[in-house]
$ cat structure.cif   # mmCIF, C-alpha atoms
data_entry
#
loop_
_atom_site.label_atom_id
_atom_site.label_comp_id
_atom_site.auth_asym_id
_atom_site.auth_seq_id
_atom_site.Cartn_x
_atom_site.Cartn_y
_atom_site.Cartn_z
CA MET A 1 -38.06 9.24 -19.54
CA THR A 2 -38.83 6.26 -17.30
CA PRO A 3 -35.91 5.66 -14.93
CA GLY A 4 -33.76 2.80 -16.21
CA ALA A 5 -35.55 2.59 -19.56
CA LEU A 6 -33.17 1.52 -22.31
CA PRO A 7 -33.25 2.97 -25.84
CA ILE A 8 -35.65 1.21 -28.23
CA ARG A 9 -34.10 0.45 -31.60
CA VAL A 10 -36.42 1.03 -34.57
CA ALA A 11 -35.76 -0.33 -38.07
CA VAL A 12 -37.59 1.20 -41.01
CA LEU A 13 -37.96 -0.93 -44.14
CA GLY A 14 -38.46 1.27 -47.18
CA ALA A 15 -37.64 4.91 -47.85
CA GLY A 16 -40.52 5.83 -50.12
CA THR A 17 -42.90 8.70 -49.39
CA VAL A 18 -44.17 7.25 -46.10
CA GLY A 19 -40.97 5.48 -45.01
CA ALA A 20 -38.90 8.62 -45.49
CA GLU A 21 -41.43 10.68 -43.55
CA VAL A 22 -41.46 8.22 -40.64
CA ALA A 23 -37.66 8.21 -40.51
CA HIS A 24 -37.60 12.02 -40.76
CA GLN A 25 -39.98 12.39 -37.80
CA LEU A 26 -38.07 9.87 -35.71
CA LEU A 27 -34.96 12.01 -36.19
CA THR A 28 -36.49 15.47 -35.82
CA ARG A 29 -39.04 14.75 -33.07
CA ALA A 30 -36.86 12.49 -30.94
CA ALA A 31 -37.32 14.42 -27.67
CA GLU A 32 -41.09 14.71 -28.07
CA LEU A 33 -41.51 11.01 -28.90
CA GLU A 34 -39.26 10.04 -25.99
CA SER A 35 -41.50 11.96 -23.60
CA ARG A 36 -44.54 10.04 -24.88
CA VAL A 37 -42.89 6.63 -24.84
CA GLY A 38 -40.81 6.95 -21.68
CA ALA A 39 -37.64 5.83 -23.46
CA PRO A 40 -35.58 7.05 -26.43
CA LEU A 41 -36.65 5.82 -29.87
CA VAL A 42 -33.44 5.28 -31.82
CA LEU A 43 -33.59 4.98 -35.61
CA ALA A 44 -31.30 2.00 -36.14
CA GLY A 45 -31.39 2.29 -39.92
CA VAL A 46 -33.48 2.41 -43.07
CA ALA A 47 -33.43 -0.52 -45.47
CA VAL A 48 -33.43 0.40 -49.18
CA ARG A 49 -32.83 -1.40 -52.46
CA ASP A 50 -30.59 1.24 -54.02
CA LEU A 51 -28.16 3.29 -51.95
CA ALA A 52 -27.57 5.69 -54.84
CA ALA A 53 -31.21 6.76 -55.24
CA VAL A 54 -32.20 10.30 -54.31
CA ARG A 55 -33.62 10.36 -50.77
CA HIS A 56 -35.26 12.79 -48.37
CA PRO A 57 -32.55 15.38 -47.60
CA SER A 58 -32.86 14.82 -43.84
CA LEU A 59 -31.97 11.11 -44.05
CA PRO A 60 -28.26 10.65 -43.23
CA LYS A 61 -26.61 8.32 -45.73
CA GLU A 62 -24.95 6.36 -42.93
CA LEU A 63 -28.42 5.16 -41.80
CA LEU A 64 -29.22 3.61 -45.18
CA THR A 65 -28.50 -0.07 -45.80
CA THR A 66 -29.33 -2.80 -48.28
CA ASP A 67 -28.88 -5.48 -45.61
CA ALA A 68 -32.48 -5.59 -44.43
CA GLU A 69 -32.07 -8.90 -42.60
CA SER A 70 -29.29 -7.66 -40.30
CA LEU A 71 -31.21 -4.45 -39.65
CA VAL A 72 -34.33 -6.41 -38.69
CA LEU A 73 -32.47 -8.76 -36.36
CA GLY A 74 -30.92 -5.84 -34.49
CA ALA A 75 -34.21 -3.99 -33.85
CA HIS A 76 -36.84 -4.02 -31.12
CA ILE A 77 -39.52 -2.67 -33.46
CA VAL A 78 -39.62 -3.04 -37.25
CA VAL A 79 -41.64 -0.64 -39.42
CA GLU A 80 -42.43 -2.33 -42.75
CA LEU A 81 -43.24 0.11 -45.55
CA ILE A 82 -41.77 -1.57 -48.64
CA GLY A 83 -45.11 -2.75 -50.05
CA GLY A 84 -45.76 -5.91 -52.03
CA THR A 85 -46.16 -9.32 -50.46
CA ASP A 86 -43.27 -11.76 -50.99
CA ARG A 87 -40.28 -9.79 -49.71
CA ALA A 88 -42.40 -8.03 -47.09
CA ARG A 89 -43.69 -11.37 -45.79
CA GLU A 90 -40.13 -12.72 -45.44
CA LEU A 91 -38.93 -9.72 -43.47
CA VAL A 92 -42.02 -9.40 -41.26
CA LEU A 93 -41.86 -13.10 -40.36
CA LEU A 94 -38.15 -12.72 -39.60
CA ALA A 95 -38.91 -9.79 -37.32
CA LEU A 96 -41.77 -11.50 -35.49
CA GLU A 97 -39.90 -14.76 -35.05
CA SER A 98 -36.99 -12.81 -33.52
CA GLY A 99 -39.42 -11.33 -30.99
CA ALA A 100 -39.54 -7.84 -32.48
CA ASP A 101 -42.82 -5.96 -32.74
CA VAL A 102 -43.95 -4.95 -36.24
CA VAL A 103 -45.77 -1.89 -37.52
CA THR A 104 -46.95 -2.10 -41.14
CA GLY A 105 -49.04 -0.11 -43.57
CA ASN A 106 -49.10 -2.94 -46.10
CA LYS A 107 -52.72 -3.86 -46.90
CA ALA A 108 -51.76 -6.36 -49.61
CA LEU A 109 -49.54 -8.22 -47.15
CA LEU A 110 -52.24 -8.41 -44.47
CA ALA A 111 -55.04 -9.32 -46.87
CA THR A 112 -52.92 -12.13 -48.33
CA HIS A 113 -50.87 -13.41 -45.37
CA GLY A 114 -52.54 -11.88 -42.31
CA GLY A 115 -53.46 -15.21 -40.73
CA GLU A 116 -49.90 -16.50 -40.93
CA LEU A 117 -48.42 -13.28 -39.57
CA PHE A 118 -50.76 -13.03 -36.59
CA ALA A 119 -50.07 -16.67 -35.75
CA ALA A 120 -46.33 -15.94 -35.80
CA ALA A 121 -46.83 -12.93 -33.52
CA ASP A 122 -48.93 -14.98 -31.09
CA ARG A 123 -46.28 -17.70 -30.82
CA VAL A 124 -43.67 -15.32 -29.43
CA GLY A 125 -45.89 -12.69 -27.80
CA ALA A 126 -44.97 -10.00 -30.31
CA GLN A 127 -47.18 -7.17 -31.47
CA LEU A 128 -48.41 -6.59 -35.03
CA ASN A 129 -49.97 -3.17 -35.62
CA TYR A 130 -51.45 -1.95 -38.92
CA GLU A 131 -53.49 1.23 -38.45
CA ALA A 132 -52.05 2.74 -41.65
CA ALA A 133 -53.07 -0.24 -43.80
CA VAL A 134 -56.70 0.75 -44.43
CA GLY A 135 -57.43 4.46 -44.26
CA GLY A 136 -54.13 6.31 -44.17
CA ALA A 137 -54.45 8.87 -41.37
CA ILE A 138 -57.99 7.74 -40.44
CA PRO A 139 -58.10 5.89 -37.12
CA ILE A 140 -60.30 2.89 -37.94
CA ILE A 141 -58.36 -0.21 -36.85
CA ARG A 142 -58.24 0.68 -33.15
CA PRO A 143 -61.92 1.73 -32.98
CA LEU A 144 -63.00 -1.58 -34.53
CA ARG A 145 -60.56 -3.66 -32.51
CA ASP A 146 -60.86 -1.89 -29.16
CA SER A 147 -63.66 0.68 -28.87
CA LEU A 148 -66.29 -1.55 -30.49
CA ALA A 149 -65.00 -4.84 -29.06
CA GLY A 150 -68.09 -5.15 -26.85
CA ASP A 151 -70.55 -4.17 -29.58
CA ASP A 152 -71.97 -6.02 -32.56
CA VAL A 153 -70.84 -4.44 -35.83
CA ARG A 154 -73.44 -5.17 -38.50
CA ARG A 155 -72.25 -3.30 -41.57
CA ILE A 156 -69.38 -1.21 -42.90
CA LEU A 157 -69.46 1.03 -45.98
CA GLY A 158 -66.12 2.48 -46.94
CA VAL A 159 -64.73 4.96 -49.44
CA VAL A 160 -61.22 3.63 -48.98
CA ASN A 161 -59.35 4.57 -52.16
CA GLY A 162 -58.47 8.21 -52.74
CA THR A 163 -57.65 7.87 -56.43
CA THR A 164 -61.02 6.43 -57.40
CA ASN A 165 -62.89 8.86 -55.18
CA PHE A 166 -61.11 11.80 -56.81
CA VAL A 167 -61.91 10.47 -60.29
CA LEU A 168 -65.61 9.90 -59.57
CA ASP A 169 -65.91 13.22 -57.72
CA ARG A 170 -64.27 15.01 -60.64
CA MET A 171 -66.71 13.38 -63.06
CA ASP A 172 -69.63 14.45 -60.89
CA GLU A 173 -68.47 18.02 -60.20
CA HIS A 174 -66.86 18.94 -63.52
CA ASP A 175 -68.57 16.59 -65.99
CA ASP A 176 -65.18 15.12 -66.92
CA THR A 177 -65.04 11.76 -68.68
CA PHE A 178 -63.29 8.92 -66.87
CA ASP A 179 -60.11 9.43 -68.92
CA GLU A 180 -60.10 13.20 -68.30
CA ALA A 181 -60.64 12.75 -64.55
CA LEU A 182 -57.91 10.09 -64.28
CA ALA A 183 -55.49 12.34 -66.17
CA GLU A 184 -56.18 15.14 -63.68
CA ALA A 185 -55.66 12.74 -60.75
CA THR A 186 -52.30 11.77 -62.23
CA ARG A 187 -51.31 15.40 -62.77
CA ARG A 188 -52.05 16.20 -59.12
CA GLY A 189 -50.18 13.17 -57.83
CA TYR A 190 -53.28 11.30 -56.60
CA ALA A 191 -52.81 8.46 -59.10
CA GLU A 192 -49.75 6.30 -59.64
CA ALA A 193 -48.08 6.00 -63.04
CA ASP A 194 -49.84 2.62 -63.21
CA PRO A 195 -53.25 3.25 -61.57
CA SER A 196 -54.66 -0.19 -62.37
CA GLY A 197 -54.56 -1.40 -58.75
CA ASP A 198 -56.74 1.55 -57.77
CA VAL A 199 -59.24 1.85 -60.62
CA SER A 200 -59.75 -1.93 -60.80
CA GLY A 201 -60.83 -1.99 -57.16
CA THR A 202 -57.99 -4.29 -56.07
CA ASP A 203 -56.65 -1.85 -53.47
CA ALA A 204 -60.13 -1.40 -51.97
CA ALA A 205 -60.73 -5.17 -51.95
CA GLN A 206 -57.59 -5.73 -49.87
CA LYS A 207 -58.84 -3.17 -47.36
CA ALA A 208 -62.33 -4.71 -47.35
CA ALA A 209 -60.86 -8.12 -46.46
CA ILE A 210 -58.97 -6.54 -43.54
CA LEU A 211 -61.98 -4.58 -42.28
CA ALA A 212 -64.37 -7.53 -42.51
CA GLY A 213 -61.97 -9.86 -40.72
CA LEU A 214 -61.45 -7.33 -37.94
CA ALA A 215 -65.08 -6.27 -37.52
CA PHE A 216 -66.54 -9.78 -37.59
CA HIS A 217 -63.64 -11.67 -35.95
CA THR A 218 -63.26 -14.15 -38.75
CA ARG A 219 -60.88 -14.84 -41.62
CA VAL A 220 -62.00 -13.31 -44.91
CA PRO A 221 -59.71 -14.50 -47.73
CA LEU A 222 -59.01 -11.91 -50.40
CA ALA A 223 -60.14 -14.42 -53.04
CA SER A 224 -63.64 -14.41 -51.50
CA VAL A 225 -64.10 -10.64 -52.02
CA PRO A 226 -65.90 -9.98 -55.34
CA VAL A 227 -64.55 -6.82 -56.89
CA GLU A 228 -65.54 -4.46 -59.70
CA GLY A 229 -63.62 -1.31 -60.55
CA ILE A 230 -64.65 2.04 -61.98
CA GLU A 231 -63.10 1.69 -65.44
CA HIS A 232 -66.49 1.33 -67.11
CA VAL A 233 -68.39 4.01 -65.19
CA SER A 234 -69.57 6.42 -67.87
CA ILE A 235 -70.31 10.10 -67.74
CA ASP A 236 -73.90 9.23 -68.71
CA GLN A 237 -74.24 7.13 -65.53
CA ILE A 238 -72.81 9.99 -63.48
CA ARG A 239 -75.32 12.41 -65.00
CA ALA A 240 -78.22 10.01 -64.53
CA ALA A 241 -77.25 9.58 -60.88
CA ARG A 242 -77.20 13.36 -60.45
CA GLU A 243 -80.70 13.63 -61.89
CA THR A 244 -82.08 11.15 -59.37
CA GLY A 245 -80.33 12.68 -56.36
CA HIS A 246 -77.52 10.11 -56.18
CA VAL A 247 -73.74 10.10 -56.43
CA VAL A 248 -71.52 7.27 -57.66
CA LYS A 249 -68.86 6.00 -55.21
CA LEU A 250 -66.57 3.01 -55.21
CA LEU A 251 -67.59 1.26 -52.00
CA ALA A 252 -66.02 -1.44 -49.87
CA ILE A 253 -68.99 -3.14 -48.23
CA CYS A 254 -68.66 -5.55 -45.30
CA GLU A 255 -71.79 -7.08 -43.78
CA ARG A 256 -72.86 -9.60 -41.18
CA LEU A 257 -75.82 -11.44 -42.72
CA THR A 258 -78.12 -14.39 -42.26
CA GLY A 259 -78.32 -16.57 -45.37
CA PRO A 260 -81.51 -18.15 -46.72
CA ASP A 261 -80.63 -21.34 -44.83
CA GLY A 262 -80.70 -19.41 -41.54
CA VAL A 263 -76.92 -19.64 -41.06
CA GLU A 264 -75.20 -16.40 -40.09
CA GLY A 265 -72.11 -15.39 -42.04
CA VAL A 266 -70.21 -12.44 -43.43
CA SER A 267 -69.82 -10.81 -46.81
CA ALA A 268 -67.22 -8.42 -48.19
CA ARG A 269 -67.34 -6.92 -51.66
CA VAL A 270 -66.19 -3.90 -53.67
CA HIS A 271 -68.04 -2.20 -56.50
CA PRO A 272 -69.19 1.21 -57.74
CA ALA A 273 -72.59 2.05 -56.28
CA LEU A 274 -75.24 4.74 -56.20
CA LEU A 275 -75.55 6.56 -52.88
CA PRO A 276 -78.26 9.09 -52.01
CA ARG A 277 -76.70 12.56 -51.77
CA ARG A 278 -78.03 12.82 -48.21
CA HIS A 279 -75.85 9.87 -47.10
CA PRO A 280 -72.74 10.93 -45.12
CA LEU A 281 -70.41 9.13 -47.53
CA ALA A 282 -71.78 11.14 -50.46
CA ALA A 283 -70.05 14.20 -49.00
CA VAL A 284 -66.57 12.61 -49.13
CA ARG A 285 -64.83 14.72 -51.72
CA GLY A 286 -61.58 14.67 -53.67
CA ALA A 287 -58.96 12.14 -52.59
CA ASN A 288 -60.31 11.79 -49.05
CA ASN A 289 -61.42 8.51 -47.49
CA ALA A 290 -64.18 7.66 -45.03
CA VAL A 291 -65.49 4.57 -43.28
CA PHE A 292 -69.14 4.41 -42.17
CA VAL A 293 -69.75 1.82 -39.43
CA GLN A 294 -73.18 0.60 -38.31
CA ALA A 295 -73.12 -1.10 -34.90
CA GLU A 296 -75.95 -2.60 -32.87
CA SER A 297 -75.51 -0.41 -29.78
CA ALA A 298 -73.29 2.48 -30.89
CA GLY A 299 -75.41 3.14 -33.98
CA ASP A 300 -73.94 4.92 -36.99
CA LEU A 301 -70.31 6.08 -36.79
CA MET A 302 -68.27 7.96 -39.40
CA PHE A 303 -64.47 8.08 -39.66
CA TYR A 304 -63.22 10.62 -42.20
CA GLY A 305 -59.89 12.05 -43.30
CA ALA A 306 -56.89 11.83 -45.61
CA GLY A 307 -56.47 8.35 -47.03
CA ALA A 308 -52.93 8.80 -48.30
CA GLY A 309 -49.93 11.11 -48.26
CA GLY A 310 -46.56 10.98 -46.53
CA PRO A 311 -47.20 13.03 -43.36
CA GLU A 312 -50.79 11.80 -43.07
CA THR A 313 -49.98 8.09 -43.29
CA ALA A 314 -46.86 8.57 -41.18
CA SER A 315 -49.14 9.86 -38.42
CA ALA A 316 -50.90 6.49 -38.24
CA VAL A 317 -47.59 4.61 -38.40
CA LEU A 318 -46.11 6.68 -35.58
CA GLY A 319 -49.22 6.13 -33.48
CA ASP A 320 -48.70 2.37 -33.77
CA LEU A 321 -44.98 2.80 -33.13
CA VAL A 322 -45.54 4.73 -29.89
CA SER A 323 -48.05 2.11 -28.75
CA ALA A 324 -45.61 -0.73 -29.42
CA ALA A 325 -42.75 1.16 -27.77
CA ARG A 326 -44.80 1.81 -24.65
CA ARG A 327 -45.20 -1.95 -24.25
CA HIS A 328 -41.43 -2.31 -24.21
CA VAL A 329 -41.27 0.24 -21.39
CA ILE A 330 -44.14 -0.90 -19.16
CA GLY A 331 -44.21 -4.59 -20.15
CA GLY A 332 -47.20 -6.76 -20.92
CA PRO A 333 -48.22 -9.23 -23.62
CA GLY A 334 -48.26 -8.59 -27.32
CA LEU A 335 -51.36 -7.54 -29.19
CA ALA A 336 -52.84 -10.88 -30.22
CA ALA A 337 -55.40 -11.40 -32.93
CA PRO A 338 -58.91 -11.74 -31.41
CA PRO A 339 -60.41 -15.23 -31.09
CA SER A 340 -62.21 -16.32 -34.23
CA SER A 341 -66.00 -16.21 -34.31
CA GLY A 342 -65.95 -18.98 -36.90
CA LEU A 343 -68.45 -17.12 -39.07
CA PRO A 344 -68.29 -18.37 -42.68
CA VAL A 345 -68.04 -16.16 -45.73
CA ILE A 346 -71.41 -16.23 -47.47
CA ASP A 347 -71.70 -17.11 -51.15
CA PRO A 348 -71.71 -13.73 -52.96
CA GLY A 349 -74.69 -14.85 -55.03
CA LEU A 350 -76.83 -14.97 -51.89
CA VAL A 351 -76.17 -11.35 -50.93
CA THR A 352 -79.18 -9.15 -51.68
CA SER A 353 -78.88 -5.87 -53.59
CA ARG A 354 -80.82 -3.40 -55.65
CA TYR A 355 -79.71 -2.68 -59.22
CA GLN A 356 -80.02 0.24 -61.59
CA VAL A 357 -79.61 -1.02 -65.15
CA SER A 358 -79.16 1.41 -68.06
CA LEU A 359 -80.20 0.00 -71.44
CA THR A 360 -80.13 1.24 -75.01
CA VAL A 361 -83.41 -0.11 -76.46
CA ARG A 362 -85.49 0.11 -79.59
CA ASP A 363 -87.82 3.09 -79.38
CA GLU A 364 -91.08 1.24 -80.11
CA PRO A 365 -94.28 0.22 -78.25
CA GLY A 366 -94.30 -2.81 -75.95
CA VAL A 367 -90.58 -2.83 -75.17
CA LEU A 368 -90.92 -2.05 -71.47
CA ALA A 369 -93.69 -4.61 -70.99
CA HIS A 370 -91.57 -7.35 -72.55
CA LEU A 371 -88.50 -6.41 -70.55
CA ALA A 372 -90.58 -6.38 -67.34
CA THR A 373 -91.63 -9.93 -68.14
CA ILE A 374 -87.99 -10.99 -68.55
CA VAL A 375 -87.13 -9.42 -65.19
CA ALA A 376 -90.07 -11.15 -63.48
CA GLU A 377 -89.09 -14.55 -64.90
CA HIS A 378 -85.99 -14.40 -62.72
CA GLY A 379 -87.89 -13.61 -59.53
CA VAL A 380 -87.02 -9.90 -59.60
CA SER A 381 -89.46 -7.00 -59.71
CA ILE A 382 -89.05 -3.53 -61.21
CA GLU A 383 -89.29 -0.59 -58.82
CA THR A 384 -88.70 2.25 -61.29
CA ALA A 385 -88.43 2.64 -65.06
CA GLN A 386 -87.47 5.87 -66.77
CA GLN A 387 -86.69 6.82 -70.34
CA THR A 388 -84.01 9.37 -69.59
CA ARG A 389 -83.45 10.70 -73.10
CA ALA A 390 -84.18 9.94 -76.71
CA ALA A 391 -81.20 8.66 -78.68
CA THR A 392 -80.49 8.67 -82.40
CA GLY A 393 -81.14 5.84 -84.79
CA GLY A 394 -84.59 4.86 -83.48
CA THR A 395 -83.36 3.96 -79.99
CA ALA A 396 -83.91 5.29 -76.49
CA THR A 397 -82.11 5.02 -73.17
CA LEU A 398 -84.11 3.16 -70.52
CA VAL A 399 -83.07 3.07 -66.87
CA ILE A 400 -84.59 0.28 -64.79
CA GLY A 401 -84.39 0.17 -61.00
CA THR A 402 -85.08 -3.14 -59.28
CA HIS A 403 -86.33 -4.09 -55.87
CA ARG A 404 -83.89 -5.92 -53.57
CA ALA A 405 -83.08 -9.42 -54.73
CA PRO A 406 -80.22 -11.96 -54.52
CA GLU A 407 -77.12 -11.07 -56.52
CA SER A 408 -77.39 -14.31 -58.48
CA ALA A 409 -80.90 -13.44 -59.67
CA LEU A 410 -79.95 -9.87 -60.55
CA SER A 411 -76.91 -11.03 -62.48
CA ALA A 412 -79.11 -13.43 -64.44
CA VAL A 413 -81.54 -10.58 -65.16
CA VAL A 414 -78.77 -8.42 -66.63
CA THR A 415 -77.61 -11.29 -68.84
CA ALA A 416 -81.16 -11.95 -70.05
CA LEU A 417 -81.83 -8.29 -70.75
CA GLY A 418 -78.63 -8.05 -72.74
CA ALA A 419 -79.79 -10.97 -74.90
CA ALA A 420 -83.28 -9.55 -75.58
CA SER A 421 -83.92 -8.59 -79.20
CA GLU A 422 -85.24 -5.16 -78.20
CA VAL A 423 -82.03 -4.29 -76.34
CA GLU A 424 -79.22 -2.77 -78.36
CA ALA A 425 -76.79 -2.66 -75.43
CA VAL A 426 -76.53 -2.83 -71.65
CA ALA A 427 -75.00 0.61 -71.12
CA GLY A 428 -74.25 0.18 -67.43
CA VAL A 429 -75.12 -1.57 -64.17
CA LEU A 430 -74.86 0.04 -60.73
CA ARG A 431 -75.97 -1.25 -57.35
CA ILE A 432 -77.90 1.04 -55.02
CA GLU A 433 -76.68 1.32 -51.42
CA GLY A 434 -77.36 3.43 -48.36
CA GLU A 435 -81.13 3.71 -48.66
#
$ encode --input "structure.cif" --output "structure tokens"
Amino acid sequence: MTPGALPIRVAVLGAGTVGAEVAHQLLTRAAELESRVGAPLVLAGVAVRDLAAVRHPSLPKELLTTDAESLVLGAHIVVELIGGTDRARELVLLALESGADVVTGNKALLATHGGELFAAADRVGAQLNYEAAVGGAIPIIRPLRDSLAGDDVRRILGVVNGTTNFVLDRMDEHDDTFDEALAEATRRGYAEADPSGDVSGTDAAQKAAILAGLAFHTRVPLASVPVEGIEHVSIDQIRAARETGHVVKLLAICERLTGPDGVEGVSARVHPALLPRRHPLAAVRGANNAVFVQAESAGDLMFYGAGAGGPETASAVLGDLVSAARRHVIGGPGLAAPPSSGLPVIDPGLVTSRYQVSLTVRDEPGVLAHLATIVAEHGVSIETAQQTRAATGGTATLVIGTHRAPESALSAVVTALGAASEVEAVAGVLRIEGE
């Protein structure tokens, strides 16, 4: 302990899986954490909504309170783990404006109100840390913010949602349907009772907005992140991907690009995509997460590990907590948001991609030639075309792979193909990444 160092009061907001684990470790590892900080970390209390709810057995009832405001105002550091945006925003702003540092794992809060919160922290010299908000136990915020601060990050590909990765991996490995794989994820505790935020891609989009803003030093509003979930990924698409040496992953993609007008900007998006099986992200299995960073000087970097779980996420929270507590001991300014680069968010329609389009078509001569003409009319060219299997009723399944083209043109191609008389149905559309 640093001579003369006073105890640092820590308030924990929320006693869910992660909040309870953080509080538990503050109580049971007090001596170890004190040796790392240089001062005692004192758990001032844990704010909860219902005092009667069943809690972690190691949490003393006298530490629980429903008066979150008083708890916040009496703390040096506030750990926000209640989730959501409205109530969390109120309490985090209260903490920052009182001069307390904040540690949060709330990606929805940061993606929605990050600009306001960092501004509040800057005004009073407080610190806002959020390592647990993107990849659970994976250290990705500090590497982007600190280790790569002198480099030029060009692109980020992330598998940042454990539920969707488990589902897609299960479909690939065990030939499960989407519903079967999601049921297994729920049984194992990887999926919430309401998994819509995960399978719709919303959770990953919030993380993409945070990563893009951090990597490119600019504000990326959540509303500017196009998102597609995995609800409509079929077992046929999974099998077709396997046949061509690919795997389907839900990717958060953040890029620094130059638009057709020569203006540099950034893009962030989330969608299921085909990855070559040789790509490092293709090996991310089960409910794990990984972030693949491409930087100008450092080259390709991979950050891999558990994306959720009480002890795992608590590890990232406690890392931020120790960092914030050390500042209270040795002094120094708060951790301000980096200066803005002013880079604009590029129109999603200008981002270039490659598509793989699966069609159910009439099994008759001249169909491919006519469909190739439709594709060409929109300024897109076909790279591959494969009839993967004969279907019943005089139809066949045709898989078309395109060359790289603007998203707007590719979207128009899919619409036009769906309207063609020879096409019975557009069975699926996947982008191709990592090649």
$ resolve_selection --input "structure.cif" --expression "the PyMOL selection byres ((chain A and resi 12) around 9)" --output "list in words"
Val10, Ala11, Leu13, Gly14, Ala15, Gly19, Ala20, Val22, Ala23, Leu43, Ala44, Gly45, Val46, Ala47, Leu71, Val72, Ile77, Val78, Val79, Glu80 and Leu81 of chain A
$ resolve_selection --input "structure.cif" --expression "the PyMOL selection byres ((chain A and resi 279-283) around 8)" --output "list in words"
Gly158, Val159, Val247, Lys249, Leu275, Pro276, Arg277, Arg278, Val284, Arg285, Ala290, Val291, Phe292, Met302 and Gly434 of chain A
$ resolve_selection --input "structure.cif" --expression "the PyMOL selection byres ((chain A and resi 379) around 10)" --output "PyMOL selection string"
chain A and resi 374-378+380-381+405-406+409-410+413
$ closest_residue --input "structure.cif" --among "A:Ala316, A:Val103, A:Ile235, A:Ile432" --to "Gly135 in chain A" --atoms "all atoms listed in the file"
A:Ala316
$ closest_residue --input "structure.cif" --among "A:Ile230, A:Val248, A:Val225, A:Ala314" --to "Ile346 in chain A" --atoms "all atoms listed in the file"
A:Val225
$ atom_distance --input "structure.cif" --atom1 "CA of Ala100 in chain A" --atom2 "CA of Ala120 in chain A"
11.1 Å
$ closest_residue --input "structure.cif" --among "A:Ser58, A:Thr373, A:Gln294, A:Ser323" --to "Asp151 in chain A" --atoms "only C-alpha atoms"
A:Gln294
$ residues_around --input "structure.cif" --residues "range 350-355 of chain A" --least-positions-apart "4" --cutoff "9 Å" --atoms "all atoms listed in the file" --output "PDB file with C-alpha atoms, in the coordinates of the input"
ATOM      1  CA  LEU A 257     -75.820 -11.440 -42.720  1.00  0.00           C
ATOM      2  CA  GLY A 259     -78.320 -16.570 -45.370  1.00  0.00           C
ATOM      3  CA  PRO A 260     -81.510 -18.150 -46.720  1.00  0.00           C
ATOM      4  CA  SER A 267     -69.820 -10.810 -46.810  1.00  0.00           C
ATOM      5  CA  ILE A 346     -71.410 -16.230 -47.470  1.00  0.00           C
ATOM      6  CA  ILE A 400     -84.590   0.280 -64.790  1.00  0.00           C
ATOM      7  CA  GLY A 401     -84.390   0.170 -61.000  1.00  0.00           C
ATOM      8  CA  THR A 402     -85.080  -3.140 -59.280  1.00  0.00           C
ATOM      9  CA  HIS A 403     -86.330  -4.090 -55.870  1.00  0.00           C
ATOM     10  CA  ARG A 404     -83.890  -5.920 -53.570  1.00  0.00           C
ATOM     11  CA  ALA A 405     -83.080  -9.420 -54.730  1.00  0.00           C
ATOM     12  CA  PRO A 406     -80.220 -11.960 -54.520  1.00  0.00           C
ATOM     13  CA  GLU A 407     -77.120 -11.070 -56.520  1.00  0.00           C
ATOM     14  CA  SER A 408     -77.390 -14.310 -58.480  1.00  0.00           C
ATOM     15  CA  ALA A 409     -80.900 -13.440 -59.670  1.00  0.00           C
ATOM     16  CA  LEU A 410     -79.950  -9.870 -60.550  1.00  0.00           C
ATOM     17  CA  VAL A 429     -75.120  -1.570 -64.170  1.00  0.00           C
ATOM     18  CA  LEU A 430     -74.860   0.040 -60.730  1.00  0.00           C
ATOM     19  CA  ARG A 431     -75.970  -1.250 -57.350  1.00  0.00           C
ATOM     20  CA  ILE A 432     -77.900   1.040 -55.020  1.00  0.00           C
ATOM     21  CA  GLU A 433     -76.680   1.320 -51.420  1.00  0.00           C
TER      22      GLU A 433
END
$ residues_around --input "structure.cif" --residues "Val227 in chain A" --least-positions-apart "4" --cutoff "7 Å" --atoms "only C-alpha atoms" --output "list in words"
Gly201, Ala205, Arg269, Val270 and His271 of chain A
$ residues_around --input "structure.cif" --residues "Pro195 in chain A" --least-positions-apart "3" --cutoff "10 Å" --atoms "only C-alpha atoms" --output "PDB file with C-alpha atoms, in the frame of the given file"
ATOM      1  CA  THR A 163     -57.650   7.870 -56.430  1.00  0.00           C
ATOM      2  CA  THR A 164     -61.020   6.430 -57.400  1.00  0.00           C
ATOM      3  CA  LEU A 182     -57.910  10.090 -64.280  1.00  0.00           C
ATOM      4  CA  ALA A 185     -55.660  12.740 -60.750  1.00  0.00           C
ATOM      5  CA  THR A 186     -52.300  11.770 -62.230  1.00  0.00           C
ATOM      6  CA  TYR A 190     -53.280  11.300 -56.600  1.00  0.00           C
ATOM      7  CA  ALA A 191     -52.810   8.460 -59.100  1.00  0.00           C
ATOM      8  CA  GLU A 192     -49.750   6.300 -59.640  1.00  0.00           C
ATOM      9  CA  ASP A 198     -56.740   1.550 -57.770  1.00  0.00           C
ATOM     10  CA  VAL A 199     -59.240   1.850 -60.620  1.00  0.00           C
ATOM     11  CA  SER A 200     -59.750  -1.930 -60.800  1.00  0.00           C
TER      12      SER A 200
END
$ atom_distance --input "structure.cif" --atom1 "CA of Phe178 in chain A" --atom2 "CA of Leu251 in chain A"
17.3 Å
$ residues_near_point --input "structure.cif" --point "(-74.9, -16.8, -39.3)" --cutoff "12 Å" --atoms "all atoms listed in the file" --output "ChimeraX atom specification"
/A:154,216,218,255-267,341-346
$ residues_around --input "structure.cif" --residues "Ala223 in chain A" --least-positions-apart "6" --cutoff "10 Å" --atoms "all atoms listed in the file" --output "ChimeraX atom specification"
/A:111-112,205-206,209
$ residues_near_point --input "structure.cif" --point "(-64.6, 18.4, -59.4)" --cutoff "12 Å" --atoms "only C-alpha atoms" --output "VMD selection string"
chain A and resid 165 to 177 180 to 182 184 to 185 284 to 287
